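Note sheet for the following structure.
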Amino acid sequence: MIPHDETMILETPFYSRCLAACEINLWEDWKGYRSAQAYTSVEQEYFAVRSNTGVFDISPMIKYRFIGPDAGAYLNRLLTRDISKIAIDRVAYTVWCDDEGQVMDDGTIFHLGENDYRLCAYARCLDWLMWSAEGFDVTIFDETADIAALAVQGPTSCAVFKNMGFTGIENLKPFGITRYPFEGSEVMISRTGFTGDLGYEIWIEPALAEAFWDQLFAAGKLRGIRAIGSAALDMLRTETGFLQAGVDFVPAEEAIRNGRSRSPFELGLGWLVSFDKPVFNGRKALLKEKKEGSRYAFVYLDVEGNKPAEHAFIYAGNKEVGTVTTAAWCPTAKSNIAFAQVDAKYGKVGQELVAEIYYERELKWTRLMAKCTVVEGAVFNPPRKRQTPAADF
Amino acid sequence: MINLDKNYDVIIVGGGHNGLVCASYLAKDGRSVLVLEANNSIGGASATSEFVDQFSVSSCAHWLIQLNPDIASDMGLNSQGLEMAARDLKTIALAEDADHLTIDGDNLEGGGISDEDRKAYIAFNKQMLKFCKLLAGAFNRRAPKLVEGNLTDRLTLAKLGLGMKMLGKDDMSDLMRLALINIYDVMEENFDNELLKGAISLDSLLGSHMGPRSPNTVYGYLYRRMGDVFGYKGPAVVKGGMGAVGEAMANAARAKGVDIQLGAAVSKINIDVDRATGVTLADGTVVNGALVVSNADPKTTFNKLVGLANIETGVARRVKTMRMKGDAAKLHIALDSLPNFTGLTEQQMGQRLVIAPTMNYIETAFNASKYGEYSKAPAMDISIPSVHDASLAPDGKHVMSVIVQYAPYELAGGWNDEHKEAFKNLVIDRIADFAPDLKDKIVAAQLLTPVDIEERFHIHGGHWHHGEISLDQILMMRPFPGASQYGTAVDGLYLCGAGNHPGGGVMGLAGHNAAKEIINRGKSA
C-alpha cells in the first residue's frame, strides 16, 4: 500500500541515490512521488543520453498487473491493439479508449508470461480497469509501489550492462524482455524507453533498488553514465516524436469540456487500432470515425528558425487551423520541432503552415510568424535504436 | 416450431407477453419471426401453473390491470380466446377491527371514512388521471433522446412539454413537485383515513424495493394507475389465469405466421464481433437470424446471453449498475373451501383484498428488507380468483394468490428451506388474523421468493418490472442511457421487454414500441 496518509509526497526506492545525485535540488511531483526535474543541468543530462548513458528513475510510473485465464482476452477488449499478437516476453506501445473512441491514456503492455501482463500507464485508472473486468476471469492490481524501475538510455547503455555481467544483453531485440540473476534475486530488463535511442528499462524489487543503482553507476563510470531528470527527458521524447499524455492530449476521463478529448486517429496513432479482433472499447465509434472522417489531425512540424513554437497558433494562410502542444529546439537533430493539432483537412506531409511564436528577450516580447513544414515523423531516429545485436559504443 | 430452413428475419428470445406482442407486429409487417421460450408454457410472467394437483393459479402477475387496449384489439385477443372472468373489481382494504374500507372507482365505503376524505379522493383521482393521460402520450412511442434527437423525438418531448403546460399552472407545479417526493407525504397532504392511505401507498410500490417514504413512489403510483387511461376501472381476473393472456397472444402471433418453440432455452446470443447473428440453444442448436430481439430483462440479456466481455466497458457498467432487485414474493394456497374473512361476504372475497392497514405498517415491513430480512408483518395484495373462475380448482374448492411485500432477493443467509418455511407460515398466520379459519382449509401452499421467481421466469433479481420503475430508470434512462430506444450497442440486437420504456406490468407497450422501432429502421436495422 502507498502510505499517502503518512506523507504528502512519497519517495521512490532509489530516492537516497537520487537525492545524493541531485546537485541543484530541483524536484517535482510525479503522481505523488518526489521526482527530479534536473540533477545538474538539463543540457548535460540530455547529451548524456544522446552520447553516453542517462538514467531516469521511472518508479513512479503507474503499473498494473493482470493475471488469470482471461487476462489476454480482457486486455484485448481494453486496449486498441491486438494483444494476441504480442508474444510472451514482448512489449508493445498501445492506447486505450472509452466507448466513444476517445483516448484515455497511452502506455506499454508487457507480456510477462502465460496469462500474465503488466500495463504501464500515465494516469491511475484502476476504477476503469475494474469496471472493464466484469465478465472476465482476471485478477487486477496496482503494483506501482511494488516494483522499482529505471530507464537506462543511450548508446553506451548496452556496454554498461555488459560490464555489470549481463552477458548476451546485446542480443535483446527492441521491445524484448529478458531476465538476469541479481543479488540472489532477479532483474527484468526490457529494451524499451522514452528517448528514441538505444536503451533499456529495468524492473526490480524495491529492496534491491539501491544495490542495483550502485552497481549500475559503478559499471557505467567510464561510459559517461549520469542521472537525468524529467526536463531532459522531455527534450528527448520530443526529438523522437513521442506523445506525452496530459500534454499532447487530454486523457478522456480528465476532459471536462465537451470535445476536448481526442481519438487515436486524431493523435496520429491510428496504427495502434486493430479492427481485426473481437470487440474492444471504442471500436464502434472508431469505425464510424474512420468512415466519416476525424475532426483533427496530429502533425509534426519542422519550424523555421530556432525559437521553440511553444503554445503557438498555427495558420494556413490567414486562417487559424490549430495549436502547438509540444515544441523544442532539438540539439542532435538540429531542428526546431513542434507537435500540433490542426483541423483534419490540413496537415498533409509537405504542407507549409505558419506558426505564430511569441518569445521574450530581456522583457522585450517579439512576435514571429515562422514558416513550418509538416514532416513525416520523428526527426531523431538513429539505426542504433533498432540494431541487434546492439552496438558497443 | 423451429424451421431451420427458414432464414428468420427476427428471432425473439423469450415468449413473455412483450415478446409475443413484438413478434405479432413484426410478422404483420411481413417479417418471418421465431419466438423461443425456455419454459414449456408461453406467456413468461403472465403465466398459469398447476401448483398442486388440480389447483391452478396465476403464478406471477395475478391481476390484469393495464393491458393496452389498442394492442389487444390489433392482435384480436378476444377472438383468440382471451376472456375476463371478472373485471372492474373493487379494492378492499382489510381492517383489524373488520370495519373494512371498500374502494370502488371514485366511491369509498366503510372503514370509518369521512366526507372530507370522500371529497378529497374524488379530487385526487381526477388529478392523478390527468397526470396519467399526460404520461400516456409518451408511453406508446419510443422514449425521446435528449440530445441529437430527431423529429420524432422532438415531437414526443414537445407533446410532453405542451401537455404539462396544458395541465394549467396549479396542476403543472403539482406534478413537478409530486413526481419527486414520496407517496407518504402526498397521502398526508390529502387524506386522514389510515386504510385509504395504506391502500394507495401499497399500489405505489408493489413489486418494487421501496417503502411509502421512498422517493419515486408517486411515479410508481401513476404508473400503476395507467390502467385507468386504458379503460380499467379496477383489476380484472382473467379466465384460466394470466396464462390465458399468453396463450391468446401466442395464438394471435401464430395466426400472423410467427413460429413459436417452447422448451427452447437460449444459452447464448451469437455475435460476430459487433453484430448479432442468431442464438445458440441449450442443446447446442444454432439458429441464425437477421435480427435478435431479447424479451429477457437487460441484465439477463447482457450478463448471460451476450456476455459482458462482448460489449464495451461503458455499456457493461451501465448494465451492472441498473437497479433490479425484487422484493416481492408470491404465495399460492390451495383451499378445501372458501375461508371466512371476518366481515366479508363471499362476493366481497372475490374482490381485491389488501393488507396494508397503515402507511407505517408498510414502512416498517420495508425496513426489514433494507437489512436483508423479510418483513415480520408483511403487506399483501390478495386474490381469490376461483370465486370468479371455477376452472382453477376442483368443485367447491378454491385457490388464493398473494403478493407479499417484502421478501428481499438477497436475504441474509439465503432463501433456504428453513427460511422459506418460516416466512410462508408467517404470511399465512398474518392472513389468518383476518380469516381465522384459513389454516383449517389449507390443502397445500407454495411460496415463490424472488429467487424462485428468478429461476422460474428467468428474471434477474426476480424483479417483475425487469428493473425498478423510478425516475432514474424511466424514459430515456430505461433500461440505461444508450439503449433507451430498443436498439443496443450490438448491431442487430434489440430489447423488447419490460426493462424498456415504458416499463413492466402486463401492458405490452414495450413490445409494441420495440416492433415499431425495428420497422421504422427498415430491413437493415
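Residue numbering restarts at 1 for every chain of the C-alpha cells, chains are lettered A, B, ... in their displayed order, and ligands are numbered from 1 as they appear.
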Give me the chain B side of the contact with chain A, cut-off 6 Å, one line per residue showing its nearest atom pair and distance in Å at one decimal, counting only C-alpha atoms, sorted by chain and residue number, as a tab-separated table.
residue	atom	partner	partner_atom	distance
B:Val273	CA	A:Pro278	CA	5.1
B:Leu308	CA	A:Gly135	CA	5.1
B:Ala309	CA	A:Gly135	CA	5.2
B:Glu312	CA	A:Asn281	CA	4.9
B:Thr313	CA	A:Ser132	CA	4.9
B:Gly314	CA	A:Asp99	CA	5.9
Discussion item. I want to know what sits within 10 Å of range 157-165 of chain B, based on only C-alpha atoms, with residues of the same chain fewer than 4 positions away left out; could you give that as a PyMOL selection string?
Written reply: chain B and resi 130-131+133-138+143-146+149+151-153+169+171-173+175-176
Please produce an output containing N, CA, C and O atoms for each residue in the selection, written as an mmCIF file, in the first residue's frame.
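Below is the file that was written, again.cif:
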data_model
loop_
_atom_site.group_PDB
_atom_site.id
_atom_site.type_symbol
_atom_site.label_atom_id
_atom_site.label_comp_id
_atom_site.auth_asym_id
_atom_site.auth_seq_id
_atom_site.Cartn_x
_atom_site.Cartn_y
_atom_site.Cartn_z
ATOM 1 N N LYS B 130 -55.425 12.920 -14.752
ATOM 2 C CA LYS B 130 -54.912 13.960 -15.644
ATOM 3 C C LYS B 130 -53.424 13.728 -15.923
ATOM 4 O O LYS B 130 -52.963 13.800 -17.053
ATOM 5 N N PHE B 131 -52.698 13.442 -14.848
ATOM 6 C CA PHE B 131 -51.257 13.184 -14.993
ATOM 7 C C PHE B 131 -51.018 11.928 -15.830
ATOM 8 O O PHE B 131 -50.117 11.884 -16.669
ATOM 9 N N LYS B 133 -52.888 10.638 -18.105
ATOM 10 C CA LYS B 133 -53.189 10.886 -19.517
ATOM 11 C C LYS B 133 -52.009 11.569 -20.192
ATOM 12 O O LYS B 133 -51.669 11.270 -21.330
ATOM 13 N N LEU B 134 -51.403 12.488 -19.460
ATOM 14 C CA LEU B 134 -50.240 13.188 -19.998
ATOM 15 C C LEU B 134 -49.109 12.189 -20.278
ATOM 16 O O LEU B 134 -48.526 12.180 -21.357
ATOM 17 N N LEU B 135 -48.851 11.338 -19.287
ATOM 18 C CA LEU B 135 -47.772 10.352 -19.451
ATOM 19 C C LEU B 135 -48.079 9.372 -20.577
ATOM 20 O O LEU B 135 -47.196 8.961 -21.319
ATOM 21 N N ALA B 136 -49.358 9.029 -20.695
ATOM 22 C CA ALA B 136 -49.760 8.032 -21.703
ATOM 23 C C ALA B 136 -49.324 8.471 -23.093
ATOM 24 O O ALA B 136 -49.021 7.636 -23.945
ATOM 25 N N GLY B 137 -49.269 9.786 -23.301
ATOM 26 C CA GLY B 137 -48.846 10.291 -24.605
ATOM 27 C C GLY B 137 -47.420 9.911 -24.956
ATOM 28 O O GLY B 137 -47.051 9.878 -26.129
ATOM 29 N N ALA B 138 -46.623 9.631 -23.931
ATOM 30 C CA ALA B 138 -45.225 9.262 -24.193
ATOM 31 C C ALA B 138 -45.023 7.757 -24.080
ATOM 32 O O ALA B 138 -43.940 7.250 -24.311
ATOM 33 N N ALA B 143 -38.931 6.284 -26.227
ATOM 34 C CA ALA B 143 -38.547 7.408 -25.375
ATOM 35 C C ALA B 143 -37.654 8.338 -26.182
ATOM 36 O O ALA B 143 -36.796 7.882 -26.923
ATOM 37 N N PRO B 144 -37.861 9.635 -26.064
ATOM 38 C CA PRO B 144 -37.032 10.557 -26.847
ATOM 39 C C PRO B 144 -35.617 10.638 -26.311
ATOM 40 O O PRO B 144 -35.401 10.507 -25.119
ATOM 41 N N LYS B 145 -34.674 10.852 -27.216
ATOM 42 C CA LYS B 145 -33.316 11.160 -26.770
ATOM 43 C C LYS B 145 -33.278 12.645 -26.494
ATOM 44 O O LYS B 145 -33.920 13.424 -27.186
ATOM 45 N N LEU B 146 -32.514 13.035 -25.480
ATOM 46 C CA LEU B 146 -32.473 14.457 -25.148
ATOM 47 C C LEU B 146 -31.538 15.231 -26.072
ATOM 48 O O LEU B 146 -31.813 16.344 -26.459
ATOM 49 N N GLY B 149 -31.684 14.414 -30.752
ATOM 50 C CA GLY B 149 -32.987 13.839 -31.043
ATOM 51 C C GLY B 149 -33.419 14.200 -32.461
ATOM 52 O O GLY B 149 -33.120 15.273 -32.947
ATOM 53 N N LEU B 151 -36.732 14.310 -35.375
ATOM 54 C CA LEU B 151 -38.052 14.942 -35.350
ATOM 55 C C LEU B 151 -39.031 14.177 -34.446
ATOM 56 O O LEU B 151 -39.740 14.764 -33.639
ATOM 57 N N THR B 152 -39.026 12.846 -34.584
ATOM 58 C CA THR B 152 -39.933 12.028 -33.770
ATOM 59 C C THR B 152 -39.698 12.309 -32.279
ATOM 60 O O THR B 152 -40.634 12.492 -31.513
ATOM 61 N N ASP B 153 -38.405 12.306 -31.915
ATOM 62 C CA ASP B 153 -38.064 12.529 -30.510
ATOM 63 C C ASP B 153 -38.504 13.916 -30.052
ATOM 64 O O ASP B 153 -39.026 14.089 -28.960
ATOM 65 N N LYS B 169 -51.539 25.950 -14.453
ATOM 66 C CA LYS B 169 -50.442 26.318 -13.560
ATOM 67 C C LYS B 169 -50.390 25.449 -12.299
ATOM 68 O O LYS B 169 -49.354 24.908 -11.938
ATOM 69 N N ASP B 171 -51.833 22.458 -11.527
ATOM 70 C CA ASP B 171 -51.565 21.037 -11.718
ATOM 71 C C ASP B 171 -50.144 20.805 -12.204
ATOM 72 O O ASP B 171 -49.506 19.818 -11.845
ATOM 73 N N MET B 172 -49.661 21.725 -13.028
ATOM 74 C CA MET B 172 -48.310 21.556 -13.545
ATOM 75 C C MET B 172 -47.290 21.614 -12.416
ATOM 76 O O MET B 172 -46.404 20.757 -12.313
ATOM 77 N N SER B 173 -47.443 22.607 -11.552
ATOM 78 C CA SER B 173 -46.451 22.683 -10.471
ATOM 79 C C SER B 173 -46.654 21.528 -9.495
ATOM 80 O O SER B 173 -45.695 21.015 -8.932
ATOM 81 N N LEU B 175 -47.517 18.484 -10.375
ATOM 82 C CA LEU B 175 -46.898 17.303 -10.988
ATOM 83 C C LEU B 175 -45.391 17.328 -10.774
ATOM 84 O O LEU B 175 -44.780 16.334 -10.388
ATOM 85 N N MET B 176 -44.812 18.515 -11.008
ATOM 86 C CA MET B 176 -43.354 18.604 -10.885
ATOM 87 C C MET B 176 -42.918 18.402 -9.442
ATOM 88 O O MET B 176 -41.849 17.864 -9.180
#
Fill in: Point-to-point distance in Å for CA of Gly482 in chain B and CA of Val279 in chain B
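Going from CA of Val279 in chain B over to CA of Gly482 in chain B covers 22.9 Å.
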Worksheet item: Pick the closest to Ile189 in chain A from A:Glu6, A:Gly68, A:Pro206, A:Leu112: which is it, counting only C-alpha atoms?
Response: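 For Ile189 in chain A, the nearest of the given residues is A:Leu112.
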Discussion item. Taking 3 positions as the minimum chain separation for residues in the same chain, which residues sit within 12 Å of Gln341 in chain A when counting only C-alpha atoms? Answer as a PyMOL selection string.
Written reply: chain A and resi 243+247-249+260-263+265-268+294-301+311-315+320-326+338+344-347+374
Practice prompt. Mind checking which residues fall within 10 Å of Gly113 in chain A, counting only C-alpha atoms, ignoring those fewer than 2 positions away in the same chain, and posting them as JSON, numbers by chain?
Written response: {"A": [67, 87, 88, 89, 90, 110, 111, 115, 116, 117, 118]}
Fill in: Residues within 6 Å of Val273 in chain A, only C-alpha atoms, excluding chain neighbours under 3 positions, as a PyMOL selection string
chain A and resi 80-81+270
Worksheet entry | Per-residue DSSP, range 198-337 of chain A, filtered to strand (DSSP E), as a ChimeraX atom specification | /A:199-204,225-227,296-303,313-316,319-330,335-337
Saved selection, atoms kept: C-alpha atoms, as a PDB file, in the first residue's frame:
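This is the output file out.pdb:
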ATOM      1  CA  GLY A 199      18.191   1.898 -24.276  1.00  0.00           C
ATOM      2  CA  TYR A 200      16.614  -0.328 -21.672  1.00  0.00           C
ATOM      3  CA  GLU A 201      14.278  -0.280 -18.732  1.00  0.00           C
ATOM      4  CA  ILE A 202      14.997  -2.379 -15.674  1.00  0.00           C
ATOM      5  CA  TRP A 203      12.396  -3.730 -13.255  1.00  0.00           C
ATOM      6  CA  ILE A 204      13.401  -4.964  -9.834  1.00  0.00           C
ATOM      7  CA  ILE A 225      26.698   7.422 -17.023  1.00  0.00           C
ATOM      8  CA  ARG A 226      24.629  10.197 -15.437  1.00  0.00           C
ATOM      9  CA  ALA A 227      21.267  10.536 -13.695  1.00  0.00           C
ATOM     10  CA  TYR A 296      -8.432  16.839 -36.062  1.00  0.00           C
ATOM     11  CA  ALA A 297      -5.071  15.734 -37.351  1.00  0.00           C
ATOM     12  CA  PHE A 298      -1.859  15.395 -35.401  1.00  0.00           C
ATOM     13  CA  VAL A 299       1.211  16.752 -37.193  1.00  0.00           C
ATOM     14  CA  TYR A 300       4.944  17.037 -36.688  1.00  0.00           C
ATOM     15  CA  LEU A 301       6.167  20.445 -37.773  1.00  0.00           C
ATOM     16  CA  ASP A 302       9.663  21.467 -38.728  1.00  0.00           C
ATOM     17  CA  VAL A 303       9.647  25.107 -37.681  1.00  0.00           C
ATOM     18  CA  PHE A 313      -1.266  29.163 -33.069  1.00  0.00           C
ATOM     19  CA  ILE A 314      -0.925  27.546 -36.463  1.00  0.00           C
ATOM     20  CA  TYR A 315      -2.195  29.236 -39.614  1.00  0.00           C
ATOM     21  CA  ALA A 316      -2.859  28.090 -43.119  1.00  0.00           C
ATOM     22  CA  LYS A 319      -6.864  31.013 -41.322  1.00  0.00           C
ATOM     23  CA  GLU A 320      -6.139  29.754 -37.836  1.00  0.00           C
ATOM     24  CA  VAL A 321      -6.170  25.964 -38.102  1.00  0.00           C
ATOM     25  CA  GLY A 322      -4.645  24.664 -34.915  1.00  0.00           C
ATOM     26  CA  THR A 323      -2.298  24.952 -31.960  1.00  0.00           C
ATOM     27  CA  VAL A 324       1.023  23.533 -30.843  1.00  0.00           C
ATOM     28  CA  THR A 325       1.042  21.086 -27.918  1.00  0.00           C
ATOM     29  CA  THR A 326       4.784  20.430 -27.620  1.00  0.00           C
ATOM     30  CA  ALA A 327       7.755  22.345 -29.024  1.00  0.00           C
ATOM     31  CA  ALA A 328      11.522  22.294 -28.573  1.00  0.00           C
ATOM     32  CA  TRP A 329      14.770  23.008 -30.279  1.00  0.00           C
ATOM     33  CA  CYS A 330      16.311  19.568 -30.735  1.00  0.00           C
ATOM     34  CA  SER A 335      15.851  21.092 -35.901  1.00  0.00           C
ATOM     35  CA  ASN A 336      13.121  23.143 -34.312  1.00  0.00           C
ATOM     36  CA  ILE A 337      10.318  20.630 -33.877  1.00  0.00           C
TER      37      ILE A 337
END
Fill in: Between CA of Asp142 in chain A and CA of Phe66 in chain A, distance in Å (one decimal)
9.3 Å
Item to complete: Just the residues within 9 Å of range 77-83 of chain B, please, counting only C-alpha atoms, with nothing from its chain fewer than 2 positions along; format it as a list in words.
Response: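 Surrounding residues, per the criterion: Ile71, Ala72, Ser73, Asp74, Met75, Ala85, Ala86, Val237, Val238, Lys239, Gly240, Ala244, Val245, Glu247, Ala248, Met249, Ala250, Asn251 and Ala252 of chain B.
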Using only C-alpha atoms, please write the residues we just selected to a file, as a PDB file, in the first residue's frame.
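Final output, saved to out.pdb:
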ATOM      1  CA  ILE B  71     -52.628  -3.800 -28.668  1.00  0.00           C
ATOM      2  CA  ALA B  72     -55.403  -6.145 -27.529  1.00  0.00           C
ATOM      3  CA  SER B  73     -57.552  -5.079 -30.451  1.00  0.00           C
ATOM      4  CA  ASP B  74     -54.696  -5.068 -33.021  1.00  0.00           C
ATOM      5  CA  MET B  75     -53.886  -8.634 -32.002  1.00  0.00           C
ATOM      6  CA  ALA B  85     -63.841 -13.913 -15.516  1.00  0.00           C
ATOM      7  CA  ALA B  86     -64.409 -10.615 -13.722  1.00  0.00           C
ATOM      8  CA  VAL B 237     -59.399 -11.604 -13.318  1.00  0.00           C
ATOM      9  CA  VAL B 238     -58.521 -13.476 -16.490  1.00  0.00           C
ATOM     10  CA  LYS B 239     -60.427 -16.679 -17.136  1.00  0.00           C
ATOM     11  CA  GLY B 240     -57.985 -19.554 -16.839  1.00  0.00           C
ATOM     12  CA  ALA B 244     -54.561 -17.281 -20.844  1.00  0.00           C
ATOM     13  CA  VAL B 245     -53.188 -13.867 -21.837  1.00  0.00           C
ATOM     14  CA  GLU B 247     -51.996 -18.246 -24.818  1.00  0.00           C
ATOM     15  CA  ALA B 248     -54.204 -15.737 -26.606  1.00  0.00           C
ATOM     16  CA  MET B 249     -51.190 -13.694 -27.624  1.00  0.00           C
ATOM     17  CA  ALA B 250     -49.416 -16.801 -28.850  1.00  0.00           C
ATOM     18  CA  ASN B 251     -52.499 -17.734 -30.906  1.00  0.00           C
ATOM     19  CA  ALA B 252     -52.588 -14.250 -32.357  1.00  0.00           C
TER      20      ALA B 252
END
Discussion item. As a PyMOL selection string, please: the residues near Met322 in chain B (cut-off 8 Å, only C-alpha atoms, same-chain neighbours under 4 positions excluded).
Written reply: chain B and resi 299+318+467+473+479-480
Practice prompt. Record the distance separating CA of Val354 in chain B and CA of Val402 in chain B, expressed in Å with one decimal.
Written response: 9.3 Å
Item to complete: as number ranges by chain, please: all residues of range 32-272 of chain B that backbone DSSP puts in alpha helix (DSSP H).
Response: B: 69-75, 115-139, 151-166, 169-178, 183-190, 194-205, 217-229, 243-255
Output for the residues just chosen: C-alpha atoms as a short mmCIF file (atom, residue, chain, number, x, y, z; two decimals), in the first residue's frame:
data_model
loop_
_atom_site.label_atom_id
_atom_site.label_comp_id
_atom_site.auth_asym_id
_atom_site.auth_seq_id
_atom_site.Cartn_x
_atom_site.Cartn_y
_atom_site.Cartn_z
CA PRO B 69 -56.44 -1.88 -25.40
CA ASP B 70 -55.01 -0.88 -28.79
CA ILE B 71 -52.63 -3.80 -28.67
CA ALA B 72 -55.40 -6.14 -27.53
CA SER B 73 -57.55 -5.08 -30.45
CA ASP B 74 -54.70 -5.07 -33.02
CA MET B 75 -53.89 -8.63 -32.00
CA ASP B 115 -66.97 13.02 3.99
CA GLU B 116 -63.84 15.15 3.69
CA ASP B 117 -61.82 12.13 2.59
CA ARG B 118 -64.54 11.14 0.13
CA LYS B 119 -64.39 14.55 -1.47
CA ALA B 120 -60.62 14.68 -1.39
CA TYR B 121 -60.44 11.25 -3.00
CA ILE B 122 -62.55 12.36 -5.97
CA ALA B 123 -60.30 15.39 -6.49
CA PHE B 124 -57.18 13.25 -6.04
CA ASN B 125 -58.37 10.72 -8.63
CA LYS B 126 -59.17 13.47 -11.06
CA GLN B 127 -55.71 14.95 -10.78
CA MET B 128 -53.94 11.60 -10.96
CA LEU B 129 -55.89 10.67 -14.07
CA LYS B 130 -54.91 13.96 -15.64
CA PHE B 131 -51.26 13.18 -14.99
CA CYS B 132 -51.65 9.64 -16.29
CA LYS B 133 -53.19 10.89 -19.52
CA LEU B 134 -50.24 13.19 -20.00
CA LEU B 135 -47.77 10.35 -19.45
CA ALA B 136 -49.76 8.03 -21.70
CA GLY B 137 -48.85 10.29 -24.61
CA ALA B 138 -45.23 9.26 -24.19
CA PHE B 139 -45.94 5.60 -23.44
CA LEU B 151 -38.05 14.94 -35.35
CA THR B 152 -39.93 12.03 -33.77
CA ASP B 153 -38.06 12.53 -30.51
CA ARG B 154 -38.64 16.26 -30.54
CA LEU B 155 -42.33 15.74 -31.13
CA THR B 156 -42.56 13.40 -28.14
CA LEU B 157 -40.76 15.94 -25.98
CA ALA B 158 -42.86 18.79 -27.31
CA LYS B 159 -46.01 16.81 -26.64
CA LEU B 160 -44.91 16.13 -23.08
CA GLY B 161 -43.92 19.75 -22.55
CA LEU B 162 -47.06 21.12 -24.10
CA GLY B 163 -49.13 18.60 -22.17
CA MET B 164 -47.60 19.86 -18.95
CA LYS B 165 -48.40 23.46 -19.86
CA MET B 166 -51.96 22.44 -20.71
CA LYS B 169 -50.44 26.32 -13.56
CA ASP B 170 -51.54 24.57 -10.38
CA ASP B 171 -51.57 21.04 -11.72
CA MET B 172 -48.31 21.56 -13.55
CA SER B 173 -46.45 22.68 -10.47
CA ASP B 174 -48.13 19.91 -8.50
CA LEU B 175 -46.90 17.30 -10.99
CA MET B 176 -43.35 18.60 -10.89
CA ARG B 177 -43.44 18.63 -7.12
CA LEU B 178 -45.22 15.31 -6.59
CA ILE B 183 -46.41 8.81 -1.58
CA TYR B 184 -46.34 9.13 2.20
CA ASP B 185 -46.18 12.91 2.07
CA VAL B 186 -48.79 13.09 -0.67
CA MET B 187 -51.16 10.91 1.34
CA GLU B 188 -50.64 13.01 4.45
CA GLU B 189 -51.44 16.13 2.43
CA ASN B 190 -54.69 14.70 1.10
CA GLU B 194 -55.31 5.26 7.51
CA LEU B 195 -56.76 2.38 5.48
CA LEU B 196 -57.10 4.58 2.41
CA LYS B 197 -53.57 5.95 2.77
CA GLY B 198 -52.22 2.44 3.25
CA ALA B 199 -54.04 1.00 0.25
CA ILE B 200 -52.92 3.79 -2.10
CA SER B 201 -49.36 3.54 -0.80
CA LEU B 202 -49.33 -0.19 -1.45
CA ASP B 203 -50.30 0.49 -5.07
CA SER B 204 -47.38 2.85 -5.43
CA LEU B 205 -44.74 0.31 -4.53
CA THR B 217 -43.28 6.15 -5.19
CA VAL B 218 -45.59 8.81 -6.66
CA TYR B 219 -44.33 7.91 -10.12
CA GLY B 220 -44.89 4.26 -9.22
CA TYR B 221 -48.47 5.10 -8.35
CA LEU B 222 -49.06 6.98 -11.59
CA TYR B 223 -47.56 4.07 -13.47
CA ARG B 224 -50.00 1.69 -11.86
CA ARG B 225 -52.95 3.97 -12.49
CA MET B 226 -52.10 3.99 -16.19
CA GLY B 227 -54.67 1.22 -16.40
CA ASP B 228 -57.35 3.87 -15.82
CA VAL B 229 -56.34 5.56 -19.07
CA GLY B 243 -51.51 -17.78 -18.64
CA ALA B 244 -54.56 -17.28 -20.84
CA VAL B 245 -53.19 -13.87 -21.84
CA GLY B 246 -50.01 -15.53 -23.03
CA GLU B 247 -52.00 -18.25 -24.82
CA ALA B 248 -54.20 -15.74 -26.61
CA MET B 249 -51.19 -13.69 -27.62
CA ALA B 250 -49.42 -16.80 -28.85
CA ASN B 251 -52.50 -17.73 -30.91
CA ALA B 252 -52.59 -14.25 -32.36
CA ALA B 253 -48.90 -14.41 -33.20
CA ARG B 254 -49.20 -17.83 -34.78
CA ALA B 255 -52.14 -16.58 -36.84
#
